[in-house]
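Printed here is target15.txt (compact mmCIF, C-alpha atoms):
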# COMPACT_ATOMS: atom_id res chain seq x y z
CA MET A 1 37.72 1.44 30.32
CA ASN A 2 38.21 4.61 32.33
CA LEU A 3 36.84 3.83 35.80
CA ASN A 4 36.79 7.54 36.63
CA LEU A 5 33.66 7.76 34.50
CA LEU A 6 31.87 5.75 37.20
CA GLN A 7 32.55 8.33 39.92
CA PRO A 8 29.29 9.90 41.22
CA LYS A 9 30.11 13.41 39.92
CA ALA A 10 30.94 12.10 36.44
CA GLN A 11 27.78 9.99 36.34
CA GLN A 12 25.69 12.99 37.39
CA PHE A 13 27.34 15.12 34.69
CA ILE A 14 26.38 12.52 32.07
CA VAL A 15 22.76 12.45 33.25
CA ASP A 16 22.55 16.25 33.43
CA ASN A 17 23.77 16.62 29.85
CA LEU A 18 21.68 14.00 28.08
CA LYS A 19 19.79 16.74 26.25
CA SER A 20 22.76 19.08 25.76
CA ASN A 21 24.25 20.07 22.42
CA ILE A 22 27.20 17.67 22.11
CA THR A 23 29.22 19.97 19.84
CA LYS A 24 28.99 22.86 22.31
CA LEU A 25 29.76 20.49 25.18
CA ILE A 26 32.96 19.26 23.50
CA LEU A 27 34.08 22.85 22.85
CA LYS A 28 33.78 23.62 26.56
CA GLY A 29 36.16 20.80 27.44
CA SER A 30 36.02 18.35 30.31
CA PRO A 31 35.41 19.57 33.88
CA PHE A 32 37.31 16.49 35.18
CA ASP A 33 41.09 16.08 35.19
CA GLU A 34 41.03 12.29 34.73
CA ILE A 35 38.36 12.19 32.02
CA SER A 36 38.60 13.56 28.50
CA VAL A 37 35.69 15.44 26.99
CA GLN A 38 35.58 12.82 24.21
CA GLU A 39 35.01 10.08 26.79
CA LEU A 40 32.20 12.08 28.36
CA ALA A 41 30.64 12.78 24.97
CA ASN A 42 30.70 9.09 24.06
CA GLN A 43 28.95 8.13 27.30
CA ILE A 44 26.29 10.76 26.72
CA ILE A 45 25.68 9.82 23.06
CA ALA A 46 25.63 6.08 23.76
CA LYS A 47 23.27 6.53 26.72
CA GLN A 48 20.98 8.68 24.54
CA LYS A 49 20.84 5.91 21.92
CA SER A 50 19.96 3.41 24.63
CA GLU A 51 16.90 5.21 25.99
CA GLN A 52 14.39 3.54 23.66
CA LYS A 53 16.40 0.53 22.52
CA LEU A 54 17.86 -0.58 25.87
CA ALA A 55 15.63 0.86 28.57
CA THR A 56 17.01 -1.47 31.27
CA TRP A 57 20.59 -0.31 30.67
CA PHE A 58 19.48 3.33 30.38
CA SER A 59 17.67 3.28 33.73
CA THR A 60 20.31 1.29 35.70
CA ASN A 61 22.90 3.20 37.72
CA ASN A 62 26.63 3.01 36.91
CA ILE A 63 26.24 1.41 33.49
CA TYR A 64 29.36 1.91 31.40
CA PHE A 65 28.58 2.45 27.73
CA PRO A 66 30.86 1.33 24.89
CA PRO A 67 31.46 3.31 21.67
CA LYS A 68 28.15 4.23 20.04
CA LEU A 69 28.74 1.73 17.17
CA SER A 70 28.34 -1.15 19.65
CA ILE A 71 24.99 0.29 20.75
CA GLU A 72 23.85 0.67 17.14
CA GLN A 73 24.82 -2.91 16.28
CA THR A 74 23.42 -4.63 19.36
CA SER A 75 20.04 -6.31 19.58
CA SER A 76 17.25 -4.28 21.10
CA GLU A 77 15.67 -5.57 24.29
CA ILE A 78 12.50 -6.36 22.34
CA THR A 79 14.23 -8.65 19.86
CA ALA A 80 16.53 -10.14 22.52
CA ASN A 81 13.51 -11.13 24.59
CA TYR A 82 11.85 -12.68 21.52
CA LYS A 83 14.83 -14.85 20.61
CA ALA A 84 15.41 -15.92 24.22
CA ASN A 85 11.97 -17.52 24.17
CA LEU A 86 12.89 -19.66 21.16
CA VAL A 87 15.45 -21.73 23.06
CA GLN A 88 15.89 -23.11 26.55
CA GLY A 89 17.96 -25.56 28.52
CA ASN A 90 20.80 -25.75 31.00
CA SER A 91 23.60 -24.03 29.06
CA ILE A 92 24.03 -21.65 26.15
CA ILE A 93 27.11 -19.97 24.69
CA ASP A 94 27.09 -16.74 22.69
CA ILE A 95 30.31 -16.86 20.66
CA THR A 96 29.88 -13.28 19.37
CA GLY A 97 28.71 -11.62 22.58
CA GLY A 98 28.91 -7.91 21.74
CA PHE A 99 27.30 -5.60 24.29
CA GLY A 100 25.65 -8.60 25.95
CA VAL A 101 21.95 -7.78 25.53
CA ASP A 102 21.07 -11.19 24.08
CA CYS A 103 22.93 -13.01 26.88
CA PHE A 104 21.07 -10.93 29.47
CA TYR A 105 17.79 -12.36 28.17
CA PHE A 106 19.18 -15.86 27.62
CA ALA A 107 20.05 -15.80 31.33
CA LYS A 108 16.33 -15.79 32.07
CA GLN A 109 15.88 -19.10 30.20
CA PHE A 110 19.18 -20.95 30.88
CA LYS A 111 20.96 -21.85 34.11
CA LYS A 112 24.41 -21.10 32.66
CA VAL A 113 25.31 -18.55 29.98
CA THR A 114 28.77 -18.01 28.47
CA HIS A 115 29.48 -14.67 26.78
CA CYS A 116 32.47 -14.60 24.40
CA GLU A 117 33.67 -11.29 23.00
CA ILE A 118 36.85 -10.87 20.95
CA ASN A 119 37.17 -7.17 21.86
CA GLU A 120 38.85 -7.14 25.28
CA ASP A 121 37.63 -3.64 26.23
CA LEU A 122 34.05 -4.50 25.33
CA SER A 123 34.25 -7.77 27.26
CA THR A 124 35.42 -5.87 30.35
CA ILE A 125 32.58 -3.37 29.99
CA VAL A 126 29.99 -6.15 29.64
CA LYS A 127 31.28 -7.93 32.76
CA HIS A 128 31.02 -4.69 34.75
CA ASN A 129 27.49 -4.01 33.49
CA TYR A 130 26.23 -7.49 34.38
CA GLN A 131 27.31 -6.77 37.96
CA GLN A 132 25.28 -3.55 37.95
CA LEU A 133 22.32 -5.43 36.44
CA LYS A 134 22.69 -8.08 39.18
CA VAL A 135 22.98 -11.00 36.77
CA ASN A 136 24.83 -13.90 38.37
CA ASN A 137 24.61 -16.77 35.86
CA ILE A 138 26.66 -15.29 32.98
CA THR A 139 30.37 -16.04 32.60
CA THR A 140 32.32 -13.67 30.35
CA PHE A 141 35.31 -14.68 28.24
CA SER A 142 37.53 -12.26 26.34
CA GLY A 143 38.64 -13.90 23.11
CA ASP A 144 37.54 -15.63 19.91
CA GLY A 145 34.37 -17.67 20.48
CA ILE A 146 35.32 -20.40 18.00
CA HIS A 147 38.71 -20.78 19.71
CA PHE A 148 36.97 -20.97 23.08
CA LEU A 149 34.87 -23.90 21.85
CA GLN A 150 37.91 -25.60 20.28
CA ASN A 151 39.77 -25.44 23.59
CA SER A 152 36.81 -26.47 25.73
CA ASP A 153 35.70 -30.01 26.59
CA LYS A 154 32.16 -28.74 27.28
CA ASN A 155 29.09 -29.19 25.13
CA PHE A 156 26.19 -26.73 25.21
CA ASP A 157 22.44 -27.05 24.79
CA THR A 158 22.52 -24.10 22.37
CA ILE A 159 25.14 -22.09 20.50
CA TYR A 160 24.12 -18.55 19.57
CA ILE A 161 25.91 -16.60 16.83
CA ASP A 162 25.52 -13.05 15.55
CA PRO A 163 28.08 -12.93 12.71
CA SER A 164 29.64 -9.60 11.82
CA ARG A 165 28.42 -8.45 8.43
CA ARG A 166 31.48 -6.33 7.73
CA ASN A 167 34.63 -7.70 6.16
CA ASP A 168 37.92 -5.76 6.10
CA ILE A 169 38.40 -6.64 2.43
CA LYS A 170 34.85 -6.79 1.05
CA GLY A 171 33.15 -4.16 3.24
CA LYS A 172 29.44 -4.84 3.82
CA VAL A 173 28.64 -8.41 2.77
CA PHE A 174 25.52 -10.33 1.74
CA LEU A 175 26.51 -13.99 2.21
CA LEU A 176 27.02 -15.89 5.46
CA GLN A 177 30.34 -17.28 4.25
CA ASP A 178 31.69 -13.72 4.02
CA CYS A 179 30.67 -12.85 7.60
CA LEU A 180 32.83 -13.27 10.70
CA PRO A 181 32.90 -15.89 12.02
CA ASN A 182 32.36 -17.97 8.88
CA VAL A 183 29.45 -20.13 10.06
CA PRO A 184 29.15 -22.38 6.96
CA GLU A 185 32.85 -23.22 7.19
CA ASN A 186 32.53 -24.14 10.89
CA ILE A 187 29.06 -25.72 10.86
CA ASP A 188 30.20 -29.34 11.32
CA PHE A 189 32.49 -28.38 14.20
CA LEU A 190 29.73 -26.34 15.85
CA PHE A 191 27.38 -29.33 15.69
CA SER A 192 30.01 -31.41 17.45
CA LYS A 193 29.48 -29.06 20.42
CA THR A 194 25.68 -28.77 20.40
CA ASN A 195 22.47 -30.08 18.90
CA GLN A 196 20.97 -26.62 18.42
CA ILE A 197 22.28 -23.41 16.84
CA LEU A 198 20.54 -20.05 16.70
CA ILE A 199 21.94 -17.55 14.19
CA LYS A 200 21.00 -13.88 14.00
CA ASN A 201 21.22 -12.43 10.51
CA SER A 202 20.81 -8.97 9.08
CA PRO A 203 17.74 -8.26 6.92
CA ILE A 204 20.07 -7.57 3.99
CA LEU A 205 21.10 -11.24 3.81
CA ASP A 206 19.15 -13.35 1.31
CA ILE A 207 17.12 -16.10 3.02
CA SER A 208 17.40 -18.69 0.23
CA SER A 209 21.17 -18.18 -0.02
CA ALA A 210 21.55 -18.60 3.73
CA ILE A 211 19.54 -21.85 3.66
CA SER A 212 21.79 -23.23 0.93
CA GLU A 213 24.91 -22.29 2.93
CA LEU A 214 23.68 -23.95 6.14
CA LYS A 215 22.34 -27.38 7.10
CA PHE A 216 19.58 -28.70 9.35
CA VAL A 217 17.53 -25.46 9.20
CA LYS A 218 14.33 -26.00 11.20
CA GLU A 219 12.82 -22.53 11.60
CA ILE A 220 13.35 -19.05 10.22
CA HIS A 221 12.01 -16.14 12.27
CA ILE A 222 11.64 -12.70 10.69
CA ILE A 223 11.24 -9.94 13.27
CA ALA A 224 9.97 -6.47 12.37
CA ILE A 225 9.41 -3.59 14.78
CA LYS A 226 6.89 -0.97 13.66
CA ASN A 227 6.99 -2.44 10.15
CA GLU A 228 10.78 -2.34 9.81
CA VAL A 229 12.57 -5.70 9.61
CA LYS A 230 15.29 -5.79 12.27
CA GLU A 231 16.46 -9.41 12.42
CA VAL A 232 16.22 -12.72 10.58
CA LEU A 233 16.85 -15.70 12.87
CA PHE A 234 17.81 -19.20 11.72
CA LEU A 235 17.16 -22.03 14.18
CA LEU A 236 19.17 -25.15 13.32
CA GLU A 237 18.66 -28.58 14.88
CA LYS A 238 21.18 -31.38 14.38
CA ASN A 239 20.01 -33.94 11.79
CA TYR A 240 16.76 -32.07 11.12
CA GLU A 241 15.69 -32.74 7.53
CA SER A 242 11.95 -32.01 7.53
CA ASN A 243 9.98 -28.95 6.39
CA ILE A 244 11.33 -25.48 7.23
CA GLN A 245 8.86 -23.30 9.11
CA ILE A 246 8.82 -19.56 8.38
CA LYS A 247 7.52 -17.47 11.28
CA THR A 248 7.00 -13.73 10.82
CA ILE A 249 6.16 -11.19 13.49
CA ASN A 250 5.62 -7.44 13.31
CA LEU A 251 5.83 -5.92 16.79
CA LEU A 252 3.64 -2.85 17.23
CA LYS A 253 2.61 -0.66 20.18
CA GLU A 254 -0.90 -2.04 20.04
CA GLY A 255 0.22 -5.68 19.80
CA SER A 256 1.81 -7.95 17.24
CA GLN A 257 0.99 -9.29 13.79
CA LYS A 258 1.99 -12.93 13.20
CA PHE A 259 1.97 -15.04 10.07
CA ASP A 260 3.55 -18.50 9.72
CA PHE A 261 3.87 -20.89 6.81
CA ASN A 262 5.70 -23.97 5.56
CA LEU A 263 8.50 -22.98 3.19
CA ASN A 264 8.29 -26.22 1.23
CA GLU A 265 4.54 -26.10 0.66
CA ILE A 266 3.65 -25.47 -2.98
CA VAL A 267 0.69 -23.08 -3.22
CA SER A 268 -0.70 -20.71 -5.81
CA SER A 269 -2.83 -17.56 -5.75
CA GLU A 270 -6.06 -16.64 -7.42
CA TYR A 271 -6.21 -13.22 -9.08
CA SER A 272 -8.87 -10.52 -9.23
CA GLU A 273 -9.44 -6.91 -10.10
CA PRO A 274 -9.58 -4.66 -6.98
CA LEU A 275 -12.73 -5.42 -4.96
CA ALA A 276 -13.97 -3.65 -1.81
CA TYR A 277 -10.81 -3.85 0.33
CA LEU A 278 -7.08 -3.63 -0.30
CA TYR A 279 -4.40 -5.30 1.85
CA GLU A 280 -0.67 -4.55 2.03
CA PRO A 281 1.42 -7.14 3.93
CA ASN A 282 3.76 -5.94 6.65
CA ALA A 283 7.52 -5.79 6.09
CA ALA A 284 8.23 -9.14 7.78
CA ILE A 285 5.90 -10.97 5.39
CA LEU A 286 7.34 -9.16 2.39
CA LYS A 287 10.83 -10.24 3.51
CA SER A 288 9.66 -13.85 3.94
CA GLY A 289 8.52 -14.17 0.33
CA GLY A 290 5.28 -15.87 1.43
CA PHE A 291 3.23 -14.05 -1.20
CA HIS A 292 1.13 -17.03 -2.32
CA GLN A 293 0.91 -18.54 1.18
CA ILE A 294 -0.82 -15.48 2.64
CA SER A 295 -3.23 -15.37 -0.27
CA LYS A 296 -4.11 -19.05 0.23
CA GLN A 297 -4.34 -19.04 4.03
CA LEU A 298 -6.49 -15.91 4.26
CA ASN A 299 -8.60 -16.56 1.14
CA LEU A 300 -7.55 -13.36 -0.57
CA PHE A 301 -7.14 -12.53 -4.23
CA LYS A 302 -3.84 -11.19 -5.53
CA LEU A 303 -3.91 -8.24 -7.92
CA HIS A 304 -0.98 -9.50 -10.00
CA GLN A 305 1.76 -12.11 -9.69
CA HIS A 306 4.39 -9.47 -8.87
CA SER A 307 2.30 -6.75 -7.20
CA HIS A 308 2.05 -8.28 -3.68
CA LEU A 309 -1.19 -6.45 -2.97
CA TYR A 310 -4.37 -8.33 -2.05
CA THR A 311 -8.08 -7.74 -2.22
CA SER A 312 -11.41 -9.11 -0.98
CA SER A 313 -15.11 -8.30 -0.98
CA ASN A 314 -15.43 -8.77 2.79
CA LEU A 315 -13.23 -7.20 5.44
CA ILE A 316 -10.83 -9.56 7.27
CA ASP A 317 -8.21 -9.24 9.98
CA PHE A 318 -4.86 -8.96 8.20
CA PRO A 319 -1.17 -8.77 9.22
CA GLY A 320 -0.44 -5.46 7.54
CA ARG A 321 -2.22 -2.31 6.42
CA ILE A 322 -5.91 -2.46 5.48
CA PHE A 323 -7.74 -0.01 3.19
CA LYS A 324 -11.26 0.59 1.90
CA ILE A 325 -11.12 1.01 -1.86
CA ASP A 326 -12.88 4.20 -2.96
CA SER A 327 -12.12 4.14 -6.69
CA VAL A 328 -9.88 2.54 -9.30
CA LEU A 329 -8.70 4.23 -12.48
CA ASN A 330 -6.17 3.66 -15.20
CA TYR A 331 -2.96 5.60 -14.68
CA ASP A 332 -3.64 9.12 -15.95
CA LYS A 333 -1.93 12.00 -14.18
CA LYS A 334 -4.60 14.52 -15.25
CA LYS A 335 -7.44 12.40 -13.88
CA ILE A 336 -5.53 11.85 -10.64
CA LYS A 337 -4.97 15.60 -10.25
CA ARG A 338 -8.69 16.26 -10.65
CA LEU A 339 -9.61 13.44 -8.28
CA ILE A 340 -7.45 14.63 -5.35
CA LYS A 341 -8.80 18.09 -4.59
CA GLU A 342 -6.76 18.73 -1.45
CA LYS A 343 -3.51 18.18 -3.42
CA LYS A 344 -2.19 15.78 -0.77
CA ALA A 345 -1.86 12.01 -0.77
CA ASN A 346 0.09 9.13 0.75
CA ILE A 347 1.57 7.33 -2.24
CA THR A 348 2.78 3.72 -2.51
CA THR A 349 4.06 1.93 -5.60
CA ARG A 350 4.04 -1.86 -6.04
CA ASN A 351 5.12 -3.39 -9.35
CA PHE A 352 4.92 -0.03 -11.10
CA PRO A 353 7.43 1.54 -13.53
CA LYS A 354 7.57 4.98 -11.88
CA THR A 355 8.89 5.97 -8.48
CA VAL A 356 6.94 7.84 -5.82
CA ALA A 357 9.09 10.92 -6.49
CA GLN A 358 8.28 10.80 -10.22
CA ILE A 359 4.56 10.47 -9.54
CA ARG A 360 4.60 13.38 -7.10
CA LYS A 361 6.36 15.54 -9.68
CA GLU A 362 3.84 14.62 -12.40
CA THR A 363 0.75 15.08 -10.23
CA ASN A 364 1.92 17.93 -7.96
CA LEU A 365 0.67 15.97 -4.95
CA SER A 366 2.44 16.64 -1.66
CA ASP A 367 2.80 14.01 1.07
CA GLY A 368 0.16 13.49 3.76
CA GLY A 369 -3.58 13.88 4.11
CA ASN A 370 -6.27 11.21 4.30
CA ASN A 371 -5.99 9.93 0.73
CA TYR A 372 -3.96 6.81 0.02
CA LEU A 373 -2.93 6.10 -3.56
CA PHE A 374 -1.55 2.74 -4.67
CA PHE A 375 0.07 2.66 -8.08
CA THR A 376 0.39 -0.89 -9.31
CA THR A 377 -0.23 -3.39 -12.12
CA ASP A 378 -3.46 -5.39 -12.33
CA LYS A 379 -4.03 -8.96 -13.47
CA GLU A 380 -4.45 -7.76 -17.07
CA ASN A 381 -0.99 -6.11 -16.91
CA LYS A 382 -2.51 -2.62 -16.94
CA TYR A 383 -1.09 0.21 -14.83
CA ILE A 384 -3.73 1.39 -12.38
CA CYS A 385 -4.17 3.80 -9.49
CA ILE A 386 -6.25 2.70 -6.48
CA LEU A 387 -7.66 5.47 -4.27
CA CYS A 388 -8.18 4.22 -0.70
CA SER A 389 -9.16 5.23 2.81
CA LYS A 390 -7.13 3.66 5.59
CA ILE A 391 -8.88 1.39 8.08
CA ASN A 392 -7.29 1.55 11.55

As structure tokens:
Amino acid sequence: MNLNLLQPKAQQFIVDNLKSNITKLILKGSPFDEISVQELANQIIAKQKSEQKLATWFSTNNIYFPPKLSIEQTSSEITANYKANLVQGNSIIDITGGFGVDCFYFAKQFKKVTHCEINEDLSTIVKHNYQQLKVNNITTFSGDGIHFLQNSDKNFDTIYIDPSRRNDIKGKVFLLQDCLPNVPENIDFLFSKTNQILIKNSPILDISSAISELKFVKEIHIIAIKNEVKEVLFLLEKNYESNIQIKTINLLKEGSQKFDFNLNEIVSSEYSEPLAYLYEPNAAILKSGGFHQISKQLNLFKLHQHSHLYTSSNLIDFPGRIFKIDSVLNYDKKKIKRLIKEKKANITTRNFPKTVAQIRKETNLSDGGNNYLFFTTDKENKYICILCSKIN
């Protein structure tokens, strides 16, 4: 941590160059004797990446930014605020603290927060930033979070873990047991220190595999922002053996779309040809696998077992995209060409043997316009094309 970067002139230089061409800036070299141009460039790039994701850090004076990878990997303020509202109590420990965004929001719900970070430089940066953010109830510890717990006689109301999904040997991994720290391997020890564990997982991890690796799973929260899944959270409660609740949320500018269901509930869908309206679930629901649950709860027909598109005769409020069906035809590229006169369409495929790129090549349809085409399979296993108009 180069403290010279916090000098007023250096801070002003960073602010003044937030929109500068970084390559040209590096070629010019550093105007400061005690600061390298690479250090300046990193502060500028990391601050740029924080503008939308970490507005509080971006707008606070004298924030010291870590390498850009730490910014890319950290929770956004939106998701940090969401998860902080899932737990509460007197004390919480984050054993994989990172840039400290989650702890910042946990500090609004807990009296005492402990931030553990194995990277000493990053831990120092986080401690400095908490002082600038005027947070007084977070204690930082530089070292391995599991070792901290092993050497501590304290218990905590909640343990929070964001395991690293990169392994030096295996690269990017898809199972919890391959992440660092290895939560399944340490689960019994962790429950000797708390009655509640909150685990943040990447969307690439399989939910059913994670459940089988863990124990006492109570809730699974799937968080999407603007229809892109960002985090999958597992809330564990000691000795909990009842039904697992799946809670999905898609956070949008105009509000949020929520859909919850019981993972253990056995439900089935009814099927129909396309009716008056077509519904496409948001990304959080698609990740959850609640394909029959949404059909049952909202009284919708499914087009096909594997299509994950829904239909109804009457318009309903729906957690996803909603369309008015204009026409339905069997897949025939010549008919589709004749039907779309403006030669533009927004194309989606669901349970269909051809990709969007292949369909565009066959039909000569460019992207955009007001037409929405869904290529899918109907309940009779026929390939169809559904022409729709989007309902806002």

Item to check | Contact residues around region 17-26 of chain A with all atoms listed in the file at 6 Å, ignoring same-chain residues under 3 positions, as a list in words | outcome: Ile14, Gly29, Val37 and Ile44 of chain A

Save the residues we just selected, C-alpha atoms, as a CSV table (one decimal), in the frame of the given file?
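Saved result, result12.csv, follows:
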chain,number,residue,atom,x,y,z
A,14,ILE,CA,26.4,12.5,32.1
A,29,GLY,CA,36.2,20.8,27.4
A,37,VAL,CA,35.7,15.4,27.0
A,44,ILE,CA,26.3,10.8,26.7

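For the set A:Lys287, A:Lys215, A:Lys226, A:His292, the residue with the smallest atom-to-atom gap to Glu241 (chain A) is A:Lys215, counting only C-alpha atoms.
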
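Of the listed residues A:Phe375, A:Phe323, A:Tyr105, A:Tyr277, the one whose atoms come nearest to Phe301 (chain A) is A:Tyr277, with distances taken using only C-alpha atoms.
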
Checklist entry - Is there a way to get, as JSON, numbers by chain, all residues within 9 Å of the point (-5.9, -15.4, -0.6) in file coordinates, counting all atoms listed in the file? => result {"A": [269, 270, 271, 292, 293, 294, 295, 296, 297, 298, 299, 300, 301, 302, 310, 311, 312]}

Next on the checklist: Could you check the closest approach to Asp178 (chain A) for each of A:Phe191, A:Ala210, A:Asn4, A:Ala284 and tell me which residue wins, using only C-alpha atoms?
Outcome noted: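 Going through A:Phe191, A:Ala210, A:Asn4, A:Ala284 one by one, the smallest distance to Asp178 (chain A) is for A:Ala210.
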
Checklist entry - What is the distance, in Å and to one decimal place, between CA of Trp57 (chain A) and CA of Gln11 (chain A)? => result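 Between CA of Trp57 (chain A) and CA of Gln11 (chain A) the gap is 13.8 Å.
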
Checklist entry - Pick from A:Leu309, A:Gly320, A:Pro8, A:Phe374: nearest to Ile336 (chain A), with all atoms listed in the file counted? => result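 Using all atoms listed in the file, Ile336 (chain A) sits closest to A:Phe374.
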
Checklist entry - What is the distance, in Å and to one decimal place, between CA of Asp102 (chain A) and CA of Ile249 (chain A)? => result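 Those two atoms sit 18.3 Å apart.
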
Item to check | Spatial neighbours of region 87-101 of chain A, 7 Å, only C-alpha atoms, chain gap at least 3 places, as a ChimeraX atom specification | outcome: /A:70,74-75,77,80,84,104-105,109-117,122,126,145-146,156-163

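Proximity ranking of A:Leu365, A:Ile207, A:Leu373, A:Ile359 relative to Gly289 (chain A) places A:Ile207 first, based on all atoms listed in the file.
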
Checklist entry - Nearest to Glu265 (chain A): which of A:Ile246, A:Leu252, A:Val356, A:Ala345 is it, counting all atoms listed in the file? => result A:Ile246

Quick one: residues within 9 Å of Leu315 (chain A), all atoms listed in the file counted, chain neighbours fewer than 5 positions away excluded, as a compact mmCIF listing (two decimals) with C-alpha atoms, keeping the file's coordinate frame?
# COMPACT_ATOMS: atom_id res chain seq x y z
CA ALA A 276 -13.97 -3.65 -1.81
CA TYR A 277 -10.81 -3.85 0.33
CA ILE A 322 -5.91 -2.46 5.48
CA LYS A 324 -11.26 0.59 1.90

Would it be fine to have region 375-381 of chain A, with all heavy atoms, given as a tab-separated table (two decimals), in the first residue's frame?
chain	number	residue	atom	x	y	z
A	375	PHE	N	-38.30	-19.56	-30.94
A	375	PHE	CA	-38.19	-20.85	-31.61
A	375	PHE	C	-38.12	-21.91	-30.53
A	375	PHE	O	-37.21	-21.90	-29.68
A	375	PHE	CB	-36.96	-20.89	-32.51
A	375	PHE	CG	-37.05	-19.96	-33.69
A	375	PHE	CD1	-36.72	-18.62	-33.56
A	375	PHE	CD2	-37.48	-20.43	-34.92
A	375	PHE	CE1	-36.82	-17.75	-34.65
A	375	PHE	CE2	-37.57	-19.58	-36.01
A	375	PHE	CZ	-37.25	-18.23	-35.88
A	376	THR	N	-39.08	-22.83	-30.55
A	376	THR	CA	-39.18	-23.79	-29.46
A	376	THR	C	-39.85	-25.07	-29.94
A	376	THR	O	-40.12	-25.25	-31.13
A	376	THR	CB	-39.93	-23.16	-28.28
A	376	THR	OG1	-39.85	-24.02	-27.15
A	376	THR	CG2	-41.40	-22.89	-28.61
A	377	THR	N	-40.14	-25.97	-28.99
A	377	THR	CA	-40.82	-27.22	-29.27
A	377	THR	C	-42.15	-27.23	-28.53
A	377	THR	O	-42.20	-26.87	-27.34
A	377	THR	CB	-39.95	-28.42	-28.80
A	377	THR	OG1	-38.68	-28.33	-29.42
A	377	THR	CG2	-40.60	-29.74	-29.16
A	378	ASP	N	-43.23	-27.62	-29.20
A	378	ASP	CA	-44.54	-27.61	-28.55
A	378	ASP	C	-44.83	-28.96	-27.89
A	378	ASP	O	-44.01	-29.88	-27.91
A	378	ASP	CB	-45.64	-27.21	-29.53
A	378	ASP	CG	-45.91	-28.26	-30.60
A	378	ASP	OD1	-45.37	-29.38	-30.51
A	378	ASP	OD2	-46.66	-27.95	-31.55
A	379	LYS	N	-46.01	-29.06	-27.30
A	379	LYS	CA	-46.35	-30.26	-26.53
A	379	LYS	C	-46.48	-31.50	-27.40
A	379	LYS	O	-46.45	-32.63	-26.89
A	379	LYS	CB	-47.64	-30.02	-25.74
A	379	LYS	CG	-48.92	-29.86	-26.55
A	379	LYS	CD	-50.07	-29.47	-25.65
A	379	LYS	CE	-51.39	-29.42	-26.40
A	379	LYS	NZ	-51.92	-30.74	-26.68
A	380	GLU	N	-46.60	-31.31	-28.72
A	380	GLU	CA	-46.65	-32.45	-29.65
A	380	GLU	C	-45.27	-32.77	-30.22
A	380	GLU	O	-45.15	-33.52	-31.18
A	380	GLU	CB	-47.63	-32.13	-30.79
A	380	GLU	CG	-49.03	-31.73	-30.36
A	380	GLU	CD	-49.73	-32.86	-29.61
A	380	GLU	OE1	-49.36	-34.03	-29.83
A	380	GLU	OE2	-50.64	-32.56	-28.80
A	381	ASN	N	-44.23	-32.15	-29.63
A	381	ASN	CA	-42.83	-32.34	-30.07
A	381	ASN	C	-42.57	-31.81	-31.47
A	381	ASN	O	-41.66	-32.28	-32.17
A	381	ASN	CB	-42.43	-33.82	-30.00
A	381	ASN	CG	-42.27	-34.29	-28.56
A	381	ASN	OD1	-41.66	-33.62	-27.73
A	381	ASN	ND2	-42.86	-35.43	-28.25
